[in-house]
Structure formats: structure tokens, C-alpha cells
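Undergrad: This one is work_34.txt, compact mmCIF, C-alpha atoms.
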# COMPACT_ATOMS: atom_id res chain seq x y z
CA MET V 689 -6.51 -5.85 -14.23
CA THR V 690 -6.49 -9.62 -13.70
CA SER V 691 -9.58 -11.57 -12.69
CA LEU V 692 -9.80 -13.53 -9.46
CA THR V 693 -8.71 -17.15 -9.68
CA ALA V 694 -10.39 -19.88 -7.63
CA LYS V 695 -7.34 -19.75 -5.36
CA ASP V 696 -7.73 -15.99 -4.88
CA LYS V 697 -11.38 -16.44 -3.93
CA ASP V 698 -10.57 -19.21 -1.43
CA THR V 699 -7.78 -17.10 0.05
CA VAL V 700 -10.04 -14.05 0.40
CA ARG V 701 -12.90 -16.06 1.90
CA SER V 702 -10.75 -17.83 4.48
CA PHE V 703 -8.80 -14.67 5.41
CA TRP V 704 -12.07 -12.73 5.71
CA ALA V 705 -13.45 -15.43 8.00
CA LYS V 706 -10.45 -14.83 10.28
CA VAL V 707 -10.64 -11.04 10.30
CA SER V 708 -14.32 -10.18 9.93
CA GLY V 709 -14.79 -10.22 13.69
CA LYS V 710 -12.65 -7.08 13.77
CA ALA V 711 -14.34 -5.48 10.75
CA GLU V 712 -15.47 -2.44 12.72
CA ASP V 713 -11.99 -1.72 14.07
CA ILE V 714 -10.46 -2.29 10.64
CA GLY V 715 -12.94 0.08 8.99
CA MET V 716 -12.52 2.79 11.56
CA ASP V 717 -8.72 2.71 11.48
CA ALA V 718 -8.56 2.52 7.66
CA LEU V 719 -10.90 5.48 7.30
CA ALA V 720 -9.09 7.51 9.96
CA ARG V 721 -5.76 6.87 8.25
CA MET V 722 -7.19 7.78 4.86
CA LEU V 723 -8.43 11.16 6.12
CA ILE V 724 -5.03 11.96 7.65
CA VAL V 725 -2.66 10.48 5.06
CA TYR V 726 -4.71 11.62 2.05
CA PRO V 727 -6.28 14.90 3.19
CA GLN V 728 -7.95 15.45 -0.18
CA THR V 729 -10.40 12.70 0.80
CA LYS V 730 -11.81 14.98 3.49
CA THR V 731 -13.61 16.86 0.74
CA TYR V 732 -16.25 14.13 0.77
CA PHE V 733 -17.01 14.63 4.43
CA ALA V 734 -17.42 18.39 4.77
CA HIS V 735 -20.81 17.69 6.32
CA TRP V 736 -19.31 15.89 9.32
CA LYS V 737 -18.72 17.84 12.51
CA ASP V 738 -15.74 15.76 13.54
CA LEU V 739 -13.23 14.05 11.24
CA SER V 740 -10.79 13.00 13.91
CA PRO V 741 -9.84 9.34 14.47
CA GLY V 742 -12.21 7.66 16.89
CA SER V 743 -14.94 10.25 16.35
CA ALA V 744 -18.54 9.06 16.01
CA PRO V 745 -18.96 9.80 12.26
CA VAL V 746 -15.60 8.17 11.38
CA LYS V 747 -16.47 5.13 13.47
CA LYS V 748 -19.92 4.79 11.96
CA HIS V 749 -18.73 5.24 8.41
CA GLY V 750 -15.86 2.81 8.87
CA ILE V 751 -18.46 0.20 9.81
CA THR V 752 -20.54 1.04 6.75
CA VAL V 753 -17.54 0.67 4.45
CA MET V 754 -16.42 -2.63 5.95
CA ASN V 755 -19.96 -4.01 5.82
CA GLY V 756 -19.73 -3.25 2.10
CA VAL V 757 -16.46 -5.18 1.86
CA GLY V 758 -17.99 -8.13 3.72
CA PHE V 759 -20.97 -8.02 1.40
CA ALA V 760 -18.60 -8.07 -1.57
CA VAL V 761 -16.84 -11.18 -0.18
CA GLU V 762 -20.22 -12.94 -0.27
CA LYS V 763 -20.70 -11.81 -3.85
CA ILE V 764 -17.16 -12.66 -4.90
CA ASP V 765 -18.29 -14.95 -7.71
CA ASP V 766 -20.04 -12.09 -9.50
CA LEU V 767 -19.03 -8.73 -8.13
CA LYS V 768 -20.49 -6.75 -11.02
CA ALA V 769 -23.99 -8.10 -10.51
CA GLY V 770 -23.72 -8.30 -6.74
CA LEU V 771 -22.59 -4.71 -6.29
CA LEU V 772 -24.98 -3.16 -8.82
CA SER V 773 -26.98 -1.07 -6.38
CA LEU V 774 -23.86 -0.01 -4.46
CA SER V 775 -22.39 1.07 -7.76
CA GLU V 776 -25.47 3.13 -8.54
CA LEU V 777 -25.24 4.72 -5.11
CA HIS V 778 -21.58 5.69 -5.63
CA ALA V 779 -22.15 6.82 -9.21
CA PHE V 780 -25.29 8.89 -8.94
CA THR V 781 -25.60 9.94 -5.33
CA LEU V 782 -22.17 9.93 -3.71
CA ARG V 783 -20.16 10.60 -6.86
CA VAL V 784 -16.88 9.59 -5.27
CA ASP V 785 -14.04 9.88 -7.77
CA PRO V 786 -13.04 6.24 -8.41
CA ALA V 787 -9.37 7.12 -7.82
CA ASN V 788 -10.30 7.19 -4.16
CA PHE V 789 -11.22 3.50 -4.14
CA LYS V 790 -7.52 2.75 -4.58
CA ILE V 791 -6.74 4.99 -1.62
CA ILE V 792 -9.17 3.36 0.81
CA SER V 793 -8.05 -0.08 -0.41
CA HIS V 794 -4.42 0.77 0.37
CA ASN V 795 -5.35 1.89 3.86
CA ILE V 796 -7.40 -1.26 4.46
CA LEU V 797 -4.31 -3.30 3.50
CA VAL V 798 -2.09 -1.27 5.87
CA VAL V 799 -4.53 -1.87 8.75
CA LEU V 800 -4.75 -5.59 7.94
CA ALA V 801 -0.93 -5.74 8.09
CA ILE V 802 -0.96 -4.00 11.47
CA MET V 803 -3.74 -6.07 13.00
CA PHE V 804 -2.88 -9.45 11.47
CA PRO V 805 0.89 -9.35 10.80
CA ASN V 806 1.26 -13.14 10.75
CA GLU V 807 -1.82 -13.95 8.70
CA PHE V 808 -1.35 -11.14 6.16
CA THR V 809 1.33 -13.03 4.23
CA PRO V 810 2.44 -11.91 0.76
CA GLN V 811 0.17 -14.59 -0.73
CA VAL V 812 -2.84 -13.28 1.21
CA HIS V 813 -1.79 -9.72 0.35
CA VAL V 814 -1.83 -10.33 -3.40
CA SER V 815 -5.27 -11.99 -3.33
CA MET V 816 -6.73 -9.25 -1.13
CA ASP V 817 -5.19 -6.55 -3.33
CA LYS V 818 -6.72 -8.19 -6.42
CA PHE V 819 -10.06 -8.55 -4.66
CA LEU V 820 -10.21 -4.91 -3.55
CA ALA V 821 -9.26 -3.82 -7.07
CA ALA V 822 -12.03 -5.99 -8.53
CA LEU V 823 -14.42 -4.56 -5.93
CA ALA V 824 -13.44 -1.03 -6.96
CA LEU V 825 -14.01 -1.88 -10.61
CA ALA V 826 -17.46 -3.25 -9.86
CA LEU V 827 -18.25 -0.15 -7.81
CA ALA V 828 -17.26 2.10 -10.71
CA GLU V 829 -19.35 0.10 -13.20
CA LYS V 830 -22.32 2.49 -13.34
CA TYR V 831 -20.30 5.71 -13.41
CA ARG V 832 -20.52 6.30 -17.15
CA MET W 486 12.04 22.07 -2.77
CA VAL W 487 10.38 19.74 -0.28
CA GLU W 488 9.56 21.21 3.13
CA TRP W 489 9.86 19.03 6.20
CA THR W 490 8.49 19.96 9.61
CA ASP W 491 10.53 19.15 12.71
CA GLN W 492 8.05 16.44 13.54
CA GLU W 493 8.44 14.84 10.11
CA ARG W 494 12.24 14.87 10.38
CA LYS W 495 11.99 13.27 13.81
CA ILE W 496 9.63 10.57 12.53
CA ILE W 497 11.88 9.64 9.60
CA ALA W 498 15.04 9.65 11.72
CA GLY W 499 13.26 7.50 14.29
CA ILE W 500 12.01 4.94 11.79
CA PHE W 501 15.45 4.47 10.25
CA ALA W 502 17.38 4.52 13.52
CA ASN W 503 15.32 1.56 14.73
CA LEU W 504 15.10 -0.27 11.42
CA ASP W 505 16.23 -3.89 11.21
CA TYR W 506 17.50 -3.74 7.61
CA ASN W 507 18.28 -7.47 7.51
CA ASP W 508 14.67 -8.28 8.35
CA ILE W 509 12.69 -5.54 6.62
CA GLY W 510 14.73 -5.36 3.40
CA PRO W 511 14.18 -8.98 2.35
CA LYS W 512 10.54 -8.93 3.48
CA ALA W 513 9.75 -5.83 1.42
CA LEU W 514 11.40 -7.07 -1.77
CA ARG W 515 9.88 -10.55 -1.47
CA ARG W 516 6.42 -9.06 -0.94
CA CYS W 517 6.89 -6.82 -3.98
CA LEU W 518 7.87 -9.76 -6.20
CA ILE W 519 4.87 -11.78 -4.99
CA VAL W 520 2.20 -9.06 -4.95
CA TYR W 521 3.39 -7.40 -8.18
CA PRO W 522 4.83 -10.35 -10.12
CA TRP W 523 5.80 -8.25 -13.15
CA THR W 524 8.58 -6.81 -11.01
CA GLN W 525 10.26 -10.23 -11.26
CA ARG W 526 11.41 -9.24 -14.72
CA HIS W 527 14.53 -7.70 -13.25
CA PHE W 528 15.61 -10.81 -11.39
CA SER W 529 15.79 -13.56 -13.98
CA SER W 530 19.48 -14.11 -13.15
CA TYR W 531 18.74 -14.65 -9.46
CA GLY W 532 17.84 -18.32 -9.83
CA SER W 533 14.50 -19.79 -8.84
CA ILE W 534 11.84 -17.13 -8.27
CA ASN W 535 8.78 -18.51 -9.97
CA THR W 536 6.78 -19.43 -6.86
CA PRO W 537 6.19 -17.55 -3.60
CA GLU W 538 8.06 -20.35 -1.81
CA ALA W 539 11.06 -20.01 -4.14
CA ILE W 540 11.06 -16.24 -3.62
CA GLN W 541 10.88 -16.64 0.18
CA SER W 542 13.89 -18.96 0.25
CA ASN W 543 16.05 -17.23 -2.37
CA GLN W 544 19.17 -15.86 -0.66
CA LYS W 545 20.11 -13.56 -3.57
CA ILE W 546 16.71 -11.88 -3.31
CA ALA W 547 17.14 -11.48 0.45
CA ASP W 548 20.57 -9.91 0.02
CA HIS W 549 19.26 -7.60 -2.66
CA GLY W 550 16.39 -6.52 -0.42
CA ILE W 551 18.90 -5.39 2.20
CA LYS W 552 20.89 -3.49 -0.45
CA VAL W 553 17.81 -1.73 -1.80
CA LEU W 554 16.63 -0.73 1.67
CA HIS W 555 20.02 0.82 2.41
CA GLY W 556 19.46 2.81 -0.79
CA LEU W 557 17.08 4.94 1.27
CA ASP W 558 19.87 5.96 3.65
CA ARG W 559 21.09 8.74 1.42
CA ALA W 560 17.63 10.33 1.56
CA VAL W 561 17.62 10.16 5.35
CA LYS W 562 21.02 11.87 5.38
CA ASN W 563 20.06 14.49 2.76
CA MET W 564 16.47 15.38 3.60
CA ASP W 565 16.91 18.89 2.26
CA ASN W 566 18.11 17.84 -1.15
CA ILE W 567 16.86 14.38 -1.90
CA LYS W 568 16.57 15.17 -5.59
CA ALA W 569 20.30 15.84 -5.97
CA ALA W 570 21.22 12.94 -3.73
CA TYR W 571 19.58 10.48 -6.14
CA THR W 572 20.89 11.76 -9.48
CA GLU W 573 23.43 8.97 -9.74
CA LEU W 574 20.97 6.24 -8.71
CA SER W 575 18.35 7.63 -11.08
CA ILE W 576 20.75 7.34 -14.00
CA LEU W 577 21.61 3.80 -12.91
CA HIS W 578 17.95 2.71 -12.72
CA SER W 579 17.14 4.33 -16.04
CA GLU W 580 20.10 3.64 -18.26
CA LYS W 581 21.61 0.49 -16.83
CA LEU W 582 18.83 -1.35 -14.99
CA HIS W 583 15.93 -0.16 -17.19
CA VAL W 584 13.42 -0.21 -14.33
CA ASP W 585 9.98 1.24 -15.08
CA PRO W 586 9.59 4.02 -12.46
CA ASP W 587 6.07 2.78 -11.71
CA ASN W 588 7.79 -0.19 -10.08
CA PHE W 589 9.25 2.13 -7.43
CA LYS W 590 5.72 2.77 -6.22
CA CYS W 591 5.09 -1.00 -6.01
CA LEU W 592 8.11 -1.45 -3.75
CA SER W 593 7.18 1.65 -1.69
CA ASP W 594 3.72 0.28 -0.97
CA CYS W 595 5.16 -3.08 0.08
CA LEU W 596 7.75 -1.39 2.31
CA THR W 597 4.99 0.64 3.98
CA ILE W 598 3.01 -2.52 4.66
CA VAL W 599 6.01 -4.47 5.98
CA ILE W 600 6.91 -1.62 8.35
CA ALA W 601 3.28 -1.32 9.44
CA ALA W 602 3.26 -5.05 10.26
CA LYS W 603 6.46 -4.64 12.29
CA LEU W 604 5.53 -1.52 14.24
CA LYS W 605 1.82 -2.36 14.55
CA ASP W 606 -0.12 0.28 16.51
CA ALA W 607 3.04 2.34 16.89
CA PHE W 608 2.73 3.02 13.15
CA THR W 609 0.25 5.84 13.67
CA ALA W 610 -1.57 7.67 10.87
CA ASP W 611 0.88 10.58 11.26
CA MET W 612 3.84 8.23 10.90
CA GLN W 613 2.20 6.64 7.88
CA ALA W 614 1.62 10.06 6.30
CA THR W 615 5.22 11.13 6.89
CA PHE W 616 6.71 7.83 5.74
CA GLN W 617 4.60 7.80 2.58
CA LYS W 618 5.57 11.42 1.88
CA PHE W 619 9.25 10.49 2.33
CA LEU W 620 8.98 7.50 -0.02
CA ALA W 621 7.11 9.58 -2.60
CA VAL W 622 9.91 12.15 -2.59
CA VAL W 623 12.55 9.43 -3.08
CA VAL W 624 10.49 7.82 -5.85
CA SER W 625 10.18 11.17 -7.57
CA ALA W 626 13.93 11.79 -7.24
CA LEU W 627 14.67 8.36 -8.73
CA GLY W 628 12.58 9.32 -11.75
CA THR W 629 14.32 12.58 -12.59
CA GLN W 630 16.97 11.16 -14.92
CA TYR W 631 14.61 9.17 -17.12
CA HIS W 632 14.66 10.68 -20.59
Now, as a test, write the supplied structure out as C-alpha cells.
TA:
Amino acid sequence: MTSLTAKDKDTVRSFWAKVSGKAEDIGMDALARMLIVYPQTKTYFAHWKDLSPGSAPVKKHGITVMNGVGFAVEKIDDLKAGLLSLSELHAFTLRVDPANFKIISHNILVVLAIMFPNEFTPQVHVSMDKFLAALALALAEKYR
Amino acid sequence: MVEWTDQERKIIAGIFANLDYNDIGPKALRRCLIVYPWTQRHFSSYGSINTPEAIQSNQKIADHGIKVLHGLDRAVKNMDNIKAAYTELSILHSEKLHVDPDNFKCLSDCLTIVIAAKLKDAFTADMQATFQKFLAVVVSALGTQYH
């Protein structure tokens, strides 16, 4: 959709600085919610023994996902180039349908609202939403 | 027809019984207008809404947010036939207000986030699933009279 303005980038960077300390909790809760609220996403994790919230695989993968988001914040000035190898991973190995990027993004936003109700203002919300959408686009770059 | 478990009915009844419409309504609509600015197209007669600050302080927007949130009441009262309950409102949104039904999803997402921020950890994944299912059913019902 629309590209990130300088203001968006500043907003994302300063909000991320506030919340990144809780990245693991955010990732775990967002992933757990995704698996419950959008059960079709469980199809990607058939190889896990335990998909319940708080389980070891959900916890671990939540951390992995949020580390990716943190990495993307660092690369915010050129997401396409910065996320090239992650895109290749998602395109050729994981083959996650890109529609699911929207789903995990939504759940990340819900968790941010829960954990940071005062900081997650509408202005922060719109910049984060744009950022996650741009991230998803960069991740889908190598798909076809 | 949409099937609701007893637990789902309880969750929806609980959310709405404890809902502060005067707080949540304005917050949800304001957030929608800020996060999805194209939705502002329906509010050009509401006065100043061209900055987030203007939106936050606009009383007409706040009042309208409360009205829209109460629009969900008829779904809460008619869980077993939400489609029929919204025929009238669907015609209104289509023929009089000319609202793109995709906009309903924008407002739904903002409402979910505003409620999540209010309830915090009490807004469990199960509650989120049920609430999102409820909103999706209402959104679908609002779209039925678009021809």
C-alpha cells in the first residue's frame, strides 16, 4: 500500500525501543492467539507436539518471529534488501501463504494494545500497521 | 445459520454487559479514522477531522462512535438470526450511506484492539476468537443488501 514516511519510521523505532524488552512475551502471546483465533494457521505446525499457549514450541517460535520483527526495525530504511534471505526462507523452504502475514500482524497489534494500552495510541497503531504491512510485502518478495 | 456454543454466547453477553459505550465507541471510531484514513470520506460534514488531534477532540465523531457501537446491540439480542436483524441497517449503509463494506472490517479491527486495550489480559485468546467471530457475522449481515 503506502510507503513508510520519515515520521512512520521514527514512530516505529521509538515505540519498538519501548516494547522490545518484552519481545518474547509479545511473540509468544501473538502466536498463541493466532493458533487459537485462526485455527487454519495450525496447518503449518503439524510437526509440533504441543500447540497450546505457553508450550515450549510456541514460546520458542514466538521469540523467533519477534526477533525477525526487531531485525526488520533495524532494516526499516530498506526492508526489501534487508529481508532478502528471510524472504527466500519463507518462499522456498517454509512456503507460508502470504495471507498469513496479515493474520500474525493483526495478532501482534492486539497484543501490543493489551500490553501497552497507553503507548499504543492511534498514531502509533497506524505506523506499526503500515510497518508490518511493509514487512509482509518484503517477506513475500521472493515468492514468485 | 451461525451456530453459537453456550460458552460463546456467555462471552458475548459478558463483553456487552460490561461495556462502557461512551468510552469504547468514540475510541473505536477515532482509531478507525486515524488508522484507515480513507474511512474519513463519510464524515466531511462533521467539521474538522483532518488531523489525529482534530479527530480526537471532535464531539460529533465521539457521539457517532457511541451510536455505531450501540448498533451492535441488535446482534447481541438476536444471536440466532443476526442476518435478519440487520436487513434494515444493511439497506441504510448501502443505499443511503454508500459505505464500502470493506470499511466494516476496518472498524471491527479497531474495535477489537480498543477492547483488548481495555480488558488487557482478561481478553483471552478464546474471547478474542469469539468476539472476532461475532463481529464477522455482523459485518457479513451488514453486507447482505448490497446489490
Undergrad: Can you work out which residues from chain V touch chain W at a cut-off of 6 Å (counting all atoms listed in the file) and hand them back as a VMD selection string?
TA: chain V and resid 721 725 798 801 to 802 805 810 814
Undergrad: Could you name the residues that touch Ile791 of chain V at 12 Å or less, counting only C-alpha atoms, but leaving out those on the same chain fewer than 5 positions away, as a PyMOL selection string?
TA: (chain V and resi 718-719+721-729+784-786+796-798+817+820-821+824) or (chain W and resi 594)
Undergrad: Now that the selection is made, can you save its residues with C-alpha atoms as a CSV table (one decimal), in the frame of the given file?
TA:
chain,number,residue,atom,x,y,z
V,718,ALA,CA,-8.6,2.5,7.7
V,719,LEU,CA,-10.9,5.5,7.3
V,721,ARG,CA,-5.8,6.9,8.2
V,722,MET,CA,-7.2,7.8,4.9
V,723,LEU,CA,-8.4,11.2,6.1
V,724,ILE,CA,-5.0,12.0,7.6
V,725,VAL,CA,-2.7,10.5,5.1
V,726,TYR,CA,-4.7,11.6,2.0
V,727,PRO,CA,-6.3,14.9,3.2
V,728,GLN,CA,-8.0,15.4,-0.2
V,729,THR,CA,-10.4,12.7,0.8
V,784,VAL,CA,-16.9,9.6,-5.3
V,785,ASP,CA,-14.0,9.9,-7.8
V,786,PRO,CA,-13.0,6.2,-8.4
V,796,ILE,CA,-7.4,-1.3,4.5
V,797,LEU,CA,-4.3,-3.3,3.5
V,798,VAL,CA,-2.1,-1.3,5.9
V,817,ASP,CA,-5.2,-6.6,-3.3
V,820,LEU,CA,-10.2,-4.9,-3.6
V,821,ALA,CA,-9.3,-3.8,-7.1
V,824,ALA,CA,-13.4,-1.0,-7.0
W,594,ASP,CA,3.7,0.3,-1.0
Undergrad: Which value, in Å to one decimal, gives the distance between atom CA of Asn507 of chain W and atom CA of Ile551 of chain W?
TA: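 A separation of 5.7 Å between them.
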Undergrad: Take atom CA of Ala769 of chain V and atom CA of Asn755 of chain V and report the distance between them in Å, one decimal.
TA: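 The value is 17.3 Å.
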Undergrad: Got a sec: who's within 9 Å of Lys818 of chain V, counting all atoms listed in the file, leaving out chain neighbours fewer than 4 positions off, as a ChimeraX atom specification?
TA: /V:689-692,696,813-814,822-823
Undergrad: Could you state the separation of atom CA of Met564 of chain W and atom CA of Asn588 of chain W in Å, given to one decimal place?
TA: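 Computing the Euclidean distance for atom CA of Met564 of chain W and atom CA of Asn588 of chain W yields 22.5 Å.
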Undergrad: For Ala569 of chain W, which residue out of W:Asn503, W:Thr524, W:Thr490, W:Ser625 is the nearest one, using only C-alpha atoms?
TA: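 Of W:Asn503, W:Thr524, W:Thr490, W:Ser625, the one nearest Ala569 of chain W, counting only C-alpha atoms, is W:Ser625.
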Undergrad: Under the rule that all atoms listed in the file are counted, which of V:Asp713, V:Leu825, V:Trp704, V:Ser740 is the nearest residue to Asn788 of chain V?
TA: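 Of V:Asp713, V:Leu825, V:Trp704, V:Ser740, the one nearest Asn788 of chain V, counting all atoms listed in the file, is V:Leu825.
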Undergrad: Tell me which of V:Ala734, V:Ser708, V:Phe819, V:Thr781 sits closest to His794 of chain V, counting all atoms listed in the file.
TA: V:Phe819
Undergrad: Pick out the closest residue to Tyr831 of chain V from this set: V:Leu782, V:Ile792, V:Lys748, V:Leu800. Count all atoms listed in the file.
TA: V:Leu782
Undergrad: Smallest atom-to-atom distance to Asp548 of chain W: which of W:Ile497, W:Val624, W:Lys568, W:Ile509, using only C-alpha atoms?
TA: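 Closest candidate: W:Ile509.
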Undergrad: Which is closer to Gly750 of chain V than all the others in V:Asn795, V:Thr693, V:Ser773, V:Thr731, using all atoms listed in the file?
TA: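 Distance minimum relative to Gly750 of chain V lands on V:Asn795.
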Undergrad: Starting from 6 Å padding per side, set up an axis-aligned box that covers all listed atoms of segment 779-787 of chain V and hand over centre and edge lengths in Å, one decimal, as lines of an AutoDock Vina configuration file.
TA:
center_x = -17.5
center_y = 8.4
center_z = -6.5
size_x = 28.2
size_y = 16.4
size_z = 17.5
Undergrad: For Asp698 of chain V, list every protein, DNA or RNA residue within 12 Å, evaluated using all atoms listed in the file, and leave out those in the same chain fewer than 4 positions away; present the list as an MDAnalysis selection string.
TA: chainID V and resid 692:694 702:705 761:762 764:765 811:812 815:816 819
Undergrad: Please list, as a list of chain:residue names, the residues that have an atom at most 12 Å away from (14.9, 6.9, -16.8) in the coordinates of this file, counting only C-alpha atoms.
TA: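 Every polymer residue passing the test: W:Thr572, W:Glu573, W:Leu574, W:Ser575, W:Ile576, W:Leu577, W:His578, W:Ser579, W:Glu580, W:Lys581, W:Leu582, W:His583, W:Val584, W:Asp585, W:Pro586, W:Asp587, W:Phe589, W:Val624, W:Ser625, W:Ala626, W:Leu627, W:Gly628, W:Thr629, W:Gln630, W:Tyr631, W:His632.
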Undergrad: Save the residues we just selected, C-alpha atoms, as an mmCIF file, in the frame of the given file?
TA:
data_model
loop_
_atom_site.group_PDB
_atom_site.id
_atom_site.type_symbol
_atom_site.label_atom_id
_atom_site.label_comp_id
_atom_site.auth_asym_id
_atom_site.auth_seq_id
_atom_site.Cartn_x
_atom_site.Cartn_y
_atom_site.Cartn_z
ATOM 1 C CA THR W 572 20.890 11.760 -9.480
ATOM 2 C CA GLU W 573 23.430 8.970 -9.740
ATOM 3 C CA LEU W 574 20.970 6.240 -8.710
ATOM 4 C CA SER W 575 18.350 7.630 -11.080
ATOM 5 C CA ILE W 576 20.750 7.340 -14.000
ATOM 6 C CA LEU W 577 21.610 3.800 -12.910
ATOM 7 C CA HIS W 578 17.950 2.710 -12.720
ATOM 8 C CA SER W 579 17.140 4.330 -16.040
ATOM 9 C CA GLU W 580 20.100 3.640 -18.260
ATOM 10 C CA LYS W 581 21.610 0.490 -16.830
ATOM 11 C CA LEU W 582 18.830 -1.350 -14.990
ATOM 12 C CA HIS W 583 15.930 -0.160 -17.190
ATOM 13 C CA VAL W 584 13.420 -0.210 -14.330
ATOM 14 C CA ASP W 585 9.980 1.240 -15.080
ATOM 15 C CA PRO W 586 9.590 4.020 -12.460
ATOM 16 C CA ASP W 587 6.070 2.780 -11.710
ATOM 17 C CA PHE W 589 9.250 2.130 -7.430
ATOM 18 C CA VAL W 624 10.490 7.820 -5.850
ATOM 19 C CA SER W 625 10.180 11.170 -7.570
ATOM 20 C CA ALA W 626 13.930 11.790 -7.240
ATOM 21 C CA LEU W 627 14.670 8.360 -8.730
ATOM 22 C CA GLY W 628 12.580 9.320 -11.750
ATOM 23 C CA THR W 629 14.320 12.580 -12.590
ATOM 24 C CA GLN W 630 16.970 11.160 -14.920
ATOM 25 C CA TYR W 631 14.610 9.170 -17.120
ATOM 26 C CA HIS W 632 14.660 10.680 -20.590
#
Undergrad: Could you add the missing atoms to segment 520-528 of chain W, up to all heavy atoms, and return them as a compact mmCIF listing (two decimals), keeping the file's coordinate frame?
TA:
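The resulting file, rebuild_4.txt, is shown below:
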# COMPACT_ATOMS: atom_id res chain seq x y z
N VAL W 520 3.44 -9.82 -4.75
CA VAL W 520 2.20 -9.06 -4.95
C VAL W 520 2.16 -8.42 -6.33
O VAL W 520 1.09 -8.28 -6.93
CB VAL W 520 2.05 -7.97 -3.85
CG1 VAL W 520 0.80 -7.14 -4.06
CG2 VAL W 520 2.00 -8.63 -2.48
N TYR W 521 3.32 -8.02 -6.86
CA TYR W 521 3.39 -7.40 -8.18
C TYR W 521 4.36 -8.22 -9.04
O TYR W 521 5.49 -7.80 -9.28
CB TYR W 521 3.87 -5.95 -8.05
CG TYR W 521 3.03 -5.13 -7.09
CD1 TYR W 521 3.51 -4.82 -5.82
CD2 TYR W 521 1.76 -4.66 -7.44
CE1 TYR W 521 2.74 -4.07 -4.93
CE2 TYR W 521 0.99 -3.92 -6.56
CZ TYR W 521 1.49 -3.63 -5.29
OH TYR W 521 0.72 -2.91 -4.41
N PRO W 522 3.91 -9.39 -9.50
CA PRO W 522 4.83 -10.35 -10.12
C PRO W 522 5.59 -9.83 -11.34
O PRO W 522 6.66 -10.34 -11.66
CB PRO W 522 3.94 -11.52 -10.54
CG PRO W 522 2.65 -11.32 -9.85
CD PRO W 522 2.53 -9.89 -9.47
N TRP W 523 5.07 -8.78 -11.99
CA TRP W 523 5.80 -8.25 -13.15
C TRP W 523 7.15 -7.68 -12.74
O TRP W 523 8.05 -7.59 -13.56
CB TRP W 523 4.97 -7.23 -13.93
CG TRP W 523 4.43 -6.12 -13.10
CD1 TRP W 523 5.02 -4.91 -12.84
CD2 TRP W 523 3.18 -6.11 -12.41
NE1 TRP W 523 4.20 -4.15 -12.03
CE2 TRP W 523 3.07 -4.88 -11.73
CE3 TRP W 523 2.13 -7.03 -12.28
CZ2 TRP W 523 1.97 -4.53 -10.96
CZ3 TRP W 523 1.04 -6.69 -11.51
CH2 TRP W 523 0.96 -5.46 -10.86
N THR W 524 7.30 -7.34 -11.48
CA THR W 524 8.58 -6.81 -11.01
C THR W 524 9.68 -7.87 -11.05
O THR W 524 10.87 -7.56 -10.97
CB THR W 524 8.49 -6.23 -9.59
OG1 THR W 524 8.00 -7.25 -8.70
CG2 THR W 524 7.54 -5.04 -9.54
N GLN W 525 9.28 -9.14 -11.20
CA GLN W 525 10.26 -10.23 -11.26
C GLN W 525 11.13 -10.14 -12.52
O GLN W 525 12.18 -10.77 -12.59
CB GLN W 525 9.56 -11.60 -11.24
CG GLN W 525 8.89 -11.92 -9.91
CD GLN W 525 8.00 -13.14 -9.98
OE1 GLN W 525 8.15 -14.00 -10.85
NE2 GLN W 525 7.04 -13.23 -9.07
N ARG W 526 10.70 -9.31 -13.45
CA ARG W 526 11.41 -9.24 -14.72
C ARG W 526 12.87 -8.83 -14.55
O ARG W 526 13.70 -9.11 -15.40
CB ARG W 526 10.71 -8.30 -15.69
CG ARG W 526 10.78 -6.81 -15.35
CD ARG W 526 9.82 -5.99 -16.21
NE ARG W 526 10.13 -6.05 -17.62
CZ ARG W 526 10.97 -5.24 -18.26
NH1 ARG W 526 11.61 -4.31 -17.59
NH2 ARG W 526 11.18 -5.38 -19.56
N HIS W 527 13.17 -8.16 -13.46
CA HIS W 527 14.53 -7.70 -13.25
C HIS W 527 15.42 -8.71 -12.54
O HIS W 527 16.58 -8.43 -12.25
CB HIS W 527 14.50 -6.39 -12.45
CG HIS W 527 13.76 -5.32 -13.16
ND1 HIS W 527 14.26 -4.71 -14.29
CD2 HIS W 527 12.54 -4.79 -12.96
CE1 HIS W 527 13.37 -3.83 -14.73
NE2 HIS W 527 12.33 -3.86 -13.95
N PHE W 528 14.88 -9.86 -12.23
CA PHE W 528 15.61 -10.81 -11.39
C PHE W 528 15.75 -12.18 -12.02
O PHE W 528 15.89 -13.18 -11.32
CB PHE W 528 14.92 -10.89 -10.02
CG PHE W 528 14.87 -9.56 -9.32
CD1 PHE W 528 13.74 -8.75 -9.41
CD2 PHE W 528 15.96 -9.10 -8.61
CE1 PHE W 528 13.71 -7.51 -8.79
CE2 PHE W 528 15.93 -7.86 -7.98
CZ PHE W 528 14.81 -7.07 -8.07
